[in-house]
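Raw upload.csv, CSV, C-alpha atoms:
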```csv
chain,number,residue,atom,x,y,z
Q,1,MET,CA,-13.8,-9.7,-19.0
Q,2,THR,CA,-12.3,-12.8,-17.3
Q,3,LYS,CA,-9.1,-12.9,-15.3
Q,4,ASN,CA,-7.4,-14.9,-18.1
Q,5,ASP,CA,-8.5,-12.3,-20.7
Q,6,LEU,CA,-7.1,-9.5,-18.6
Q,7,THR,CA,-3.8,-11.4,-18.0
Q,8,THR,CA,-3.3,-11.9,-21.7
Q,9,ARG,CA,-3.9,-8.2,-22.5
Q,10,VAL,CA,-1.6,-7.0,-19.7
Q,11,CYS,CA,1.3,-9.4,-20.7
Q,12,ALA,CA,0.9,-8.4,-24.4
Q,13,TRP,CA,1.0,-4.7,-23.4
Q,14,LEU,CA,4.1,-5.3,-21.2
Q,15,ASP,CA,5.9,-7.0,-24.2
Q,16,SER,CA,5.0,-4.0,-26.4
Q,17,GLN,CA,6.6,-1.7,-23.9
Q,18,ASP,CA,9.9,-3.7,-24.0
Q,19,VAL,CA,10.3,-3.5,-20.2
Q,20,GLY,CA,12.0,-5.9,-17.9
Q,21,ASP,CA,10.9,-6.8,-14.4
Q,22,GLU,CA,10.7,-3.3,-13.0
Q,23,PRO,CA,7.4,-1.7,-12.2
Q,24,CYS,CA,5.8,-0.1,-15.3
Q,25,ALA,CA,3.7,3.0,-15.1
Q,26,THR,CA,0.7,2.9,-17.5
Q,27,GLY,CA,0.3,6.6,-18.1
Q,28,LEU,CA,-3.0,6.5,-16.2
Q,29,ALA,CA,-2.7,8.2,-12.9
Q,30,GLY,CA,-2.2,5.7,-10.1
Q,31,LEU,CA,-2.2,2.5,-12.3
Q,32,THR,CA,1.1,0.5,-12.4
Q,33,VAL,CA,1.8,-3.0,-13.8
Q,34,LEU,CA,4.2,-5.4,-12.1
Q,35,ARG,CA,5.9,-8.4,-13.6
Q,36,SER,CA,8.6,-10.6,-12.3
Q,37,ARG,CA,10.0,-13.7,-13.9
Q,38,LYS,CA,11.6,-15.0,-10.7
Q,39,PRO,CA,10.9,-14.9,-7.0
Q,40,THR,CA,12.2,-11.8,-5.3
Q,41,SER,CA,14.0,-11.1,-2.1
Q,42,VAL,CA,12.2,-9.5,0.8
Q,43,GLU,CA,11.9,-5.7,0.5
Q,44,ALA,CA,10.9,-3.2,3.1
Q,45,VAL,CA,8.4,-0.7,1.6
Q,46,LEU,CA,5.7,1.7,2.7
Q,47,TYR,CA,2.4,0.7,1.3
Q,48,GLN,CA,0.0,3.6,0.6
Q,49,PRO,CA,-3.7,3.0,0.2
Q,50,LEU,CA,-3.9,0.7,-2.8
Q,51,LEU,CA,-5.5,-2.3,-4.6
Q,52,CYS,CA,-3.1,-5.0,-5.8
Q,53,LEU,CA,-4.8,-7.5,-8.1
Q,54,ILE,CA,-2.7,-10.6,-8.7
Q,55,LEU,CA,-3.2,-12.1,-12.2
Q,56,GLN,CA,-0.4,-14.7,-12.1
Q,57,GLY,CA,2.0,-16.0,-9.5
Q,58,ARG,CA,2.0,-15.4,-5.7
Q,59,LYS,CA,3.1,-12.7,-3.3
Q,60,GLU,CA,3.7,-12.6,0.4
Q,61,THR,CA,3.5,-9.5,2.6
Q,62,HIS,CA,4.5,-9.3,6.3
Q,63,PHE,CA,3.4,-6.5,8.6
Q,64,GLY,CA,4.2,-6.9,12.2
Q,65,ALA,CA,3.8,-10.5,13.2
Q,66,ARG,CA,1.2,-11.1,10.5
Q,67,CYS,CA,1.8,-12.7,7.1
Q,68,LEU,CA,-0.5,-12.6,4.1
Q,69,SER,CA,0.0,-14.7,1.1
Q,70,PHE,CA,-2.1,-14.1,-2.0
Q,71,ALA,CA,-2.2,-15.6,-5.5
Q,72,ALA,CA,-3.8,-15.3,-8.9
Q,73,GLY,CA,-7.4,-14.2,-8.7
Q,74,GLU,CA,-7.0,-12.7,-5.2
Q,75,SER,CA,-6.4,-9.0,-4.4
Q,76,LEU,CA,-4.9,-7.0,-1.6
Q,77,ILE,CA,-6.6,-3.9,-0.2
Q,78,VAL,CA,-4.6,-1.4,1.8
Q,79,SER,CA,-6.6,1.2,3.6
Q,80,HIS,CA,-3.8,3.1,5.5
Q,81,ASP,CA,-0.1,3.9,5.0
Q,82,LEU,CA,1.6,0.8,6.3
Q,83,PRO,CA,5.3,-0.2,6.5
Q,84,VAL,CA,5.6,-3.8,5.4
Q,85,HIS,CA,8.0,-6.4,4.1
Q,86,SER,CA,7.0,-7.9,0.8
Q,87,ARG,CA,8.3,-10.4,-1.8
Q,88,VAL,CA,7.2,-12.4,-4.8
Q,89,THR,CA,7.2,-16.1,-3.9
Q,90,GLU,CA,6.0,-17.8,-7.1
Q,91,ALA,CA,7.2,-16.7,-10.6
Q,92,SER,CA,9.0,-18.2,-13.5
Q,93,ASP,CA,9.9,-17.5,-17.2
Q,94,GLN,CA,6.9,-19.6,-18.2
Q,95,VAL,CA,4.4,-18.2,-15.7
Q,96,PRO,CA,5.7,-14.8,-14.5
Q,97,TYR,CA,4.2,-13.0,-11.5
Q,98,VAL,CA,1.9,-10.3,-13.0
Q,99,ALA,CA,-0.2,-7.8,-11.0
Q,100,LEU,CA,-2.1,-4.6,-11.5
Q,101,VAL,CA,-1.6,-2.0,-8.7
Q,102,LEU,CA,-4.0,0.9,-8.3
Q,103,GLU,CA,-3.5,3.8,-5.9
Q,104,LEU,CA,-6.7,4.4,-4.0
Q,105,ASP,CA,-8.3,7.9,-3.8
Q,106,MET,CA,-9.5,8.2,-0.3
Q,107,GLY,CA,-11.5,11.3,-1.1
Q,108,MET,CA,-13.3,9.2,-3.7
Q,109,VAL,CA,-13.9,6.5,-1.1
Q,110,ARG,CA,-15.5,9.0,1.3
Q,111,SER,CA,-17.6,10.5,-1.5
Q,112,LEU,CA,-19.4,7.2,-1.8
Q,113,HIS,CA,-20.8,7.4,1.7
Q,114,ASP,CA,-24.4,8.1,0.6
Q,115,GLU,CA,-24.4,5.2,-1.7
Q,116,VAL,CA,-22.6,2.7,0.5
Q,117,GLY,CA,-22.8,4.0,4.1
Q,118,GLU,CA,-26.0,2.1,4.9
Q,119,VAL,CA,-25.3,-1.1,3.1
Q,120,ASP,CA,-25.7,-4.1,5.4
Q,121,LEU,CA,-22.6,-6.2,4.9
Q,122,GLU,CA,-21.1,-8.8,7.2
Q,123,GLU,CA,-18.2,-7.2,9.0
Q,124,VAL,CA,-15.1,-9.2,9.8
Q,125,HIS,CA,-12.2,-8.1,12.0
Q,126,ALA,CA,-10.5,-5.7,9.7
Q,127,TYR,CA,-6.9,-4.6,9.6
Q,128,GLY,CA,-5.3,-1.9,7.5
Q,129,LEU,CA,-4.3,-4.7,5.0
Q,130,ALA,CA,-6.6,-7.4,3.9
Q,131,VAL,CA,-6.7,-10.2,1.2
Q,132,GLY,CA,-9.7,-11.9,-0.5
Q,133,ASP,CA,-11.0,-13.3,-3.7
Q,134,THR,CA,-11.6,-10.8,-6.5
Q,135,ASN,CA,-15.1,-11.0,-7.9
Q,136,THR,CA,-15.9,-10.9,-11.6
Q,137,ALA,CA,-17.4,-7.4,-11.4
Q,138,LEU,CA,-14.2,-5.9,-10.0
Q,139,ILE,CA,-12.0,-7.8,-12.4
Q,140,ASP,CA,-14.2,-6.6,-15.3
Q,141,ALA,CA,-13.9,-3.0,-14.0
Q,142,MET,CA,-10.1,-3.2,-13.7
Q,143,GLY,CA,-10.0,-4.6,-17.3
Q,144,ARG,CA,-12.0,-1.7,-18.6
Q,145,LEU,CA,-9.6,0.7,-16.8
Q,146,PHE,CA,-6.6,-1.0,-18.3
Q,147,ASP,CA,-8.2,-0.9,-21.8
Q,148,LEU,CA,-8.1,2.9,-21.5
Q,149,VAL,CA,-4.3,2.9,-21.3
Q,150,ASP,CA,-3.9,3.3,-25.0
Q,151,ARG,CA,-7.1,5.0,-25.9
Q,152,PRO,CA,-7.2,8.5,-27.3
Q,153,ARG,CA,-6.6,11.2,-24.7
Q,154,LEU,CA,-10.1,12.7,-24.8
Q,155,GLU,CA,-11.7,9.3,-24.3
Q,156,ALA,CA,-9.5,8.4,-21.4
Q,157,LYS,CA,-10.0,11.9,-19.8
Q,158,VAL,CA,-13.8,11.3,-19.8
Q,159,MET,CA,-13.9,7.6,-19.0
Q,160,VAL,CA,-11.2,7.1,-16.4
Q,161,PRO,CA,-12.9,9.0,-13.6
Q,162,LEU,CA,-16.1,7.0,-14.2
Q,163,VAL,CA,-14.4,3.7,-14.1
Q,164,LEU,CA,-12.3,4.6,-11.1
Q,165,ARG,CA,-15.4,5.6,-9.2
Q,166,GLU,CA,-16.9,2.2,-10.1
Q,167,ILE,CA,-13.8,0.4,-8.9
Q,168,HIS,CA,-13.8,2.3,-5.6
Q,169,PHE,CA,-17.5,1.5,-5.2
Q,170,ARG,CA,-16.9,-2.2,-5.8
Q,171,LEU,CA,-14.0,-2.3,-3.3
Q,172,LEU,CA,-16.4,-1.0,-0.7
Q,173,LEU,CA,-18.7,-3.9,-1.4
Q,174,VAL,CA,-16.2,-6.8,-1.2
Q,175,ARG,CA,-15.8,-8.8,2.0
Q,176,HIS,CA,-12.2,-7.7,2.5
Q,177,GLY,CA,-13.1,-4.1,2.0
Q,178,GLY,CA,-14.1,-3.9,5.7
Q,179,MET,CA,-11.6,-1.3,6.7
Q,180,LEU,CA,-12.5,0.9,3.7
Q,181,ARG,CA,-16.1,0.8,4.9
Q,182,GLN,CA,-15.1,1.8,8.4
Q,183,LEU,CA,-13.5,4.9,6.9
Q,184,LEU,CA,-16.9,6.0,5.7
Q,185,ARG,CA,-18.0,6.4,9.3
Q,186,ARG,CA,-17.3,9.8,10.7
Q,187,GLY,CA,-15.5,9.4,14.1
Q,188,SER,CA,-14.7,5.7,13.5
Q,189,HIS,CA,-11.5,4.3,14.9
Q,190,ALA,CA,-10.3,3.9,11.3
Q,191,ASN,CA,-10.7,7.6,10.6
Q,192,ARG,CA,-9.1,8.6,13.9
Q,193,ILE,CA,-6.1,6.4,13.3
Q,194,ALA,CA,-5.8,7.8,9.8
Q,195,LYS,CA,-5.5,11.3,11.2
Q,196,ALA,CA,-2.7,10.2,13.6
Q,197,ILE,CA,-0.9,8.4,10.7
Q,198,ALA,CA,-1.0,11.6,8.6
Q,199,HIS,CA,0.5,13.6,11.4
Q,200,ILE,CA,3.3,11.0,11.9
Q,201,LYS,CA,4.1,11.1,8.2
Q,202,GLN,CA,4.4,14.8,8.2
Q,203,ASN,CA,6.4,14.9,11.5
Q,204,TYR,CA,8.4,11.7,11.6
Q,205,ALA,CA,11.7,13.4,12.2
Q,206,THR,CA,10.5,15.2,15.3
Q,207,PRO,CA,10.0,13.6,18.8
Q,208,LEU,CA,6.4,12.4,19.2
Q,209,THR,CA,4.6,10.9,22.2
Q,210,VAL,CA,1.7,8.5,22.3
Q,211,LYS,CA,-0.2,11.1,24.4
Q,212,ARG,CA,0.2,13.8,21.6
Q,213,MET,CA,-0.8,11.4,18.9
Q,214,ALA,CA,-3.8,10.2,20.9
Q,215,SER,CA,-4.9,13.8,21.3
Q,216,ILE,CA,-4.7,14.4,17.5
Q,217,ALA,CA,-6.8,11.3,17.0
Q,218,GLY,CA,-9.3,12.4,19.6
Q,219,MET,CA,-8.8,9.2,21.7
Q,220,SER,CA,-7.5,8.3,25.1
Q,221,PRO,CA,-3.9,7.2,25.1
Q,222,SER,CA,-4.8,3.6,26.0
Q,223,SER,CA,-7.6,3.3,23.4
Q,224,PHE,CA,-5.4,4.9,20.7
Q,225,TYR,CA,-2.5,2.6,21.4
Q,226,GLU,CA,-4.7,-0.5,21.3
Q,227,HIS,CA,-6.5,0.5,18.0
Q,228,PHE,CA,-3.3,1.7,16.3
Q,229,LYS,CA,-1.6,-1.5,17.0
Q,230,ALA,CA,-4.6,-3.6,15.9
Q,231,LEU,CA,-4.8,-1.7,12.5
Q,232,THR,CA,-1.1,-1.4,11.7
Q,233,ALA,CA,0.4,-4.4,13.6
Q,234,THR,CA,2.9,-2.1,15.2
Q,235,THR,CA,3.1,0.5,18.0
Q,236,PRO,CA,2.9,4.2,17.2
Q,237,LEU,CA,6.5,4.9,18.1
Q,238,GLN,CA,7.7,1.8,16.1
Q,239,TYR,CA,5.7,3.0,13.2
Q,240,GLN,CA,7.5,6.4,13.4
Q,241,LYS,CA,10.8,4.5,13.5
Q,242,GLU,CA,9.9,2.5,10.4
Q,243,LEU,CA,9.2,5.7,8.5
Q,244,ARG,CA,12.5,7.2,9.6
Q,245,LEU,CA,14.4,4.2,8.4
Q,246,LEU,CA,12.6,4.0,5.1
Q,247,GLU,CA,13.3,7.6,4.4
Q,248,ALA,CA,16.9,7.3,5.5
Q,249,ARG,CA,17.4,4.5,3.1
Q,250,ARG,CA,15.9,6.6,0.3
Q,251,LEU,CA,18.3,9.4,1.1
Q,252,LEU,CA,21.3,7.1,1.1
Q,253,MET,CA,20.3,5.4,-2.2
Q,254,ASP,CA,19.1,8.4,-4.2
Q,255,THR,CA,21.1,11.4,-2.9
Q,256,GLY,CA,24.6,12.3,-1.7
Q,257,HIS,CA,23.8,12.1,2.0
Q,258,THR,CA,26.4,10.6,4.3
Q,259,VAL,CA,25.3,8.0,6.8
Q,260,ALA,CA,25.5,10.6,9.6
Q,261,SER,CA,23.6,13.3,7.7
Q,262,ALA,CA,20.8,10.9,6.7
Q,263,ALA,CA,20.6,9.8,10.4
Q,264,PHE,CA,20.3,13.4,11.6
Q,265,LYS,CA,17.9,14.4,8.9
Q,266,VAL,CA,15.3,11.7,9.8
Q,267,GLY,CA,15.5,12.5,13.5
Q,268,TYR,CA,18.2,10.3,15.0
Q,269,GLU,CA,20.6,11.9,17.5
Q,270,SER,CA,23.1,9.1,17.4
Q,271,PRO,CA,24.5,7.7,14.1
Q,272,THR,CA,25.6,4.6,16.0
Q,273,GLN,CA,22.0,3.9,17.1
Q,274,PHE,CA,20.8,4.7,13.6
Q,275,SER,CA,23.3,2.2,12.0
Q,276,ARG,CA,22.3,-0.5,14.5
Q,277,GLU,CA,18.6,-0.1,13.8
Q,278,PHE,CA,19.1,0.3,10.1
Q,279,SER,CA,21.1,-3.0,9.9
Q,280,ARG,CA,18.4,-4.8,12.0
Q,281,LYS,CA,15.7,-3.7,9.6
Q,282,PHE,CA,17.4,-4.1,6.2
Q,283,GLY,CA,20.0,-6.7,6.9
Q,284,ASN,CA,22.9,-4.5,5.8
Q,285,PRO,CA,24.7,-1.6,7.4
Q,286,PRO,CA,23.7,1.8,5.9
Q,287,ARG,CA,27.0,2.3,4.2
Q,288,VAL,CA,26.1,-0.6,1.9
Q,289,ASP,CA,23.0,1.3,0.6
Q,290,LYS,CA,24.9,4.6,0.3
Q,291,VAL,CA,24.9,5.9,-3.3
Q,292,ALA,CA,28.2,5.7,-5.0
```
Written as structure tokens, that's how I'd like the structure from this file.
Amino acid sequence: MTKNDLTTRVCAWLDSQDVGDEPCATGLAGLTVLRSRKPTSVEAVLYQPLLCLILQGRKETHFGARCLSFAAGESLIVSHDLPVHSRVTEASDQVPYVALVLELDMGMVRSLHDEVGEVDLEEVHAYGLAVGDTNTALIDAMGRLFDLVDRPRLEAKVMVPLVLREIHFRLLLVRHGGMLRQLLRRGSHANRIAKAIAHIKQNYATPLTVKRMASIAGMSPSSFYEHFKALTATTPLQYQKELRLLEARRLLMDTGHTVASAAFKVGYESPTQFSREFSRKFGNPPRVDKVA
């Protein structure tokens, strides 16, 4: 299946669902379709491990001081949970931005160690977020996964795990899958940082120190700090702050929390400091995002 064939099928399916420009779940676990008929404003989000295959248009993602721009035929691979700023930069009524987003199963990635672990591939300096051309084999596999969206339940139940395993296998073979390949190596820096990130996600509201996080990762504080920043483009404590602010915004938008209660719930001791850092990150004071 070619990229153009897949694009046509995805757009036809979106039209049949009568959806606008909001993300559309396909009913297959982890697979979402995105479409936007105009460029979007910058949005702060937390990327979890995923594959984003662009079929039309262009998107831009900032993490730390780095900026990645990727367009039709290219794909983004995210290997770790990363706070980023992202926006659609090219889209129109005639040629909307269209993308397939697939959540990655890191257990499935690691289960492929015996098949991929010894493959001799050129390694490039890898970050937790990488962009590259999408080869025809991966596009074809994504097309076969998408074709299962409207198939009978039994057929999808049997075939989806097989196609997903193939997709994860092919991601490990592409050039920009370097960080995923590092996760196959027991004791690698990628694995150690992943342990620390999981701990930060579970304990973002409590005080954390670099020394404690380094201990969880099994690294010296200096080595941990260096490799954490190289992978995430931010420091460990700034990463924790990003998670706090993203969760606080969710509480304000989706629940009845006051600004002060949201601040305290995510670990801030001072609502004033919270409001200042919230405004710096999102461009508006927290009261603007508070649910009505």
#### Entry: Using all atoms listed in the file: which of Q:Gly283, Q:Leu251, Q:Gly27, Q:Met1 has the shortest distance to Lys157 of chain Q
Q:Gly27
### Task
Please identify all polymer residues within 10 Å of Pro286 of chain Q, counting all atoms listed in the file, omitting same-chain residues fewer than 6 positions from it, and present them as a PyMOL selection string.
chain Q and resi 245+248-249+252-253+258-260+262-263+274-279
Dump as a PDB file, in the coordinates of the input, selection limited to C-alpha atoms:
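Result file is part.pdb:
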```pdb
ATOM      1  CA  LEU Q 245      14.400   4.200   8.400  1.00  0.00           C
ATOM      2  CA  ALA Q 248      16.900   7.300   5.500  1.00  0.00           C
ATOM      3  CA  ARG Q 249      17.400   4.500   3.100  1.00  0.00           C
ATOM      4  CA  LEU Q 252      21.300   7.100   1.100  1.00  0.00           C
ATOM      5  CA  MET Q 253      20.300   5.400  -2.200  1.00  0.00           C
ATOM      6  CA  THR Q 258      26.400  10.600   4.300  1.00  0.00           C
ATOM      7  CA  VAL Q 259      25.300   8.000   6.800  1.00  0.00           C
ATOM      8  CA  ALA Q 260      25.500  10.600   9.600  1.00  0.00           C
ATOM      9  CA  ALA Q 262      20.800  10.900   6.700  1.00  0.00           C
ATOM     10  CA  ALA Q 263      20.600   9.800  10.400  1.00  0.00           C
ATOM     11  CA  PHE Q 274      20.800   4.700  13.600  1.00  0.00           C
ATOM     12  CA  SER Q 275      23.300   2.200  12.000  1.00  0.00           C
ATOM     13  CA  ARG Q 276      22.300  -0.500  14.500  1.00  0.00           C
ATOM     14  CA  GLU Q 277      18.600  -0.100  13.800  1.00  0.00           C
ATOM     15  CA  PHE Q 278      19.100   0.300  10.100  1.00  0.00           C
ATOM     16  CA  SER Q 279      21.100  -3.000   9.900  1.00  0.00           C
TER      17      SER Q 279
END
```
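From atom CA of Gly64 of chain Q back to atom CA of Ala233 of chain Q, the distance works out to 4.8 Å.
Of the residues under consideration (Q:Asp254, Q:Arg9, Q:Gln48, Q:Glu269), Q:Gln48 shows the shortest atom-to-atom contact distance to Ala198 of chain Q when counting all atoms listed in the file.
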### Task
Give the answer as one residue: which of Q:Tyr268, Q:Phe146, Q:Tyr47, Q:Tyr97 has the shortest atom-to-atom distance to Pro207 of chain Q, using only C-alpha atoms?
Q:Tyr268
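Closest approach to Leu55 of chain Q among Q:Pro39, Q:Gly143, Q:Gly107, Q:Pro23 is made by Q:Gly143 (distances from all atoms listed in the file).
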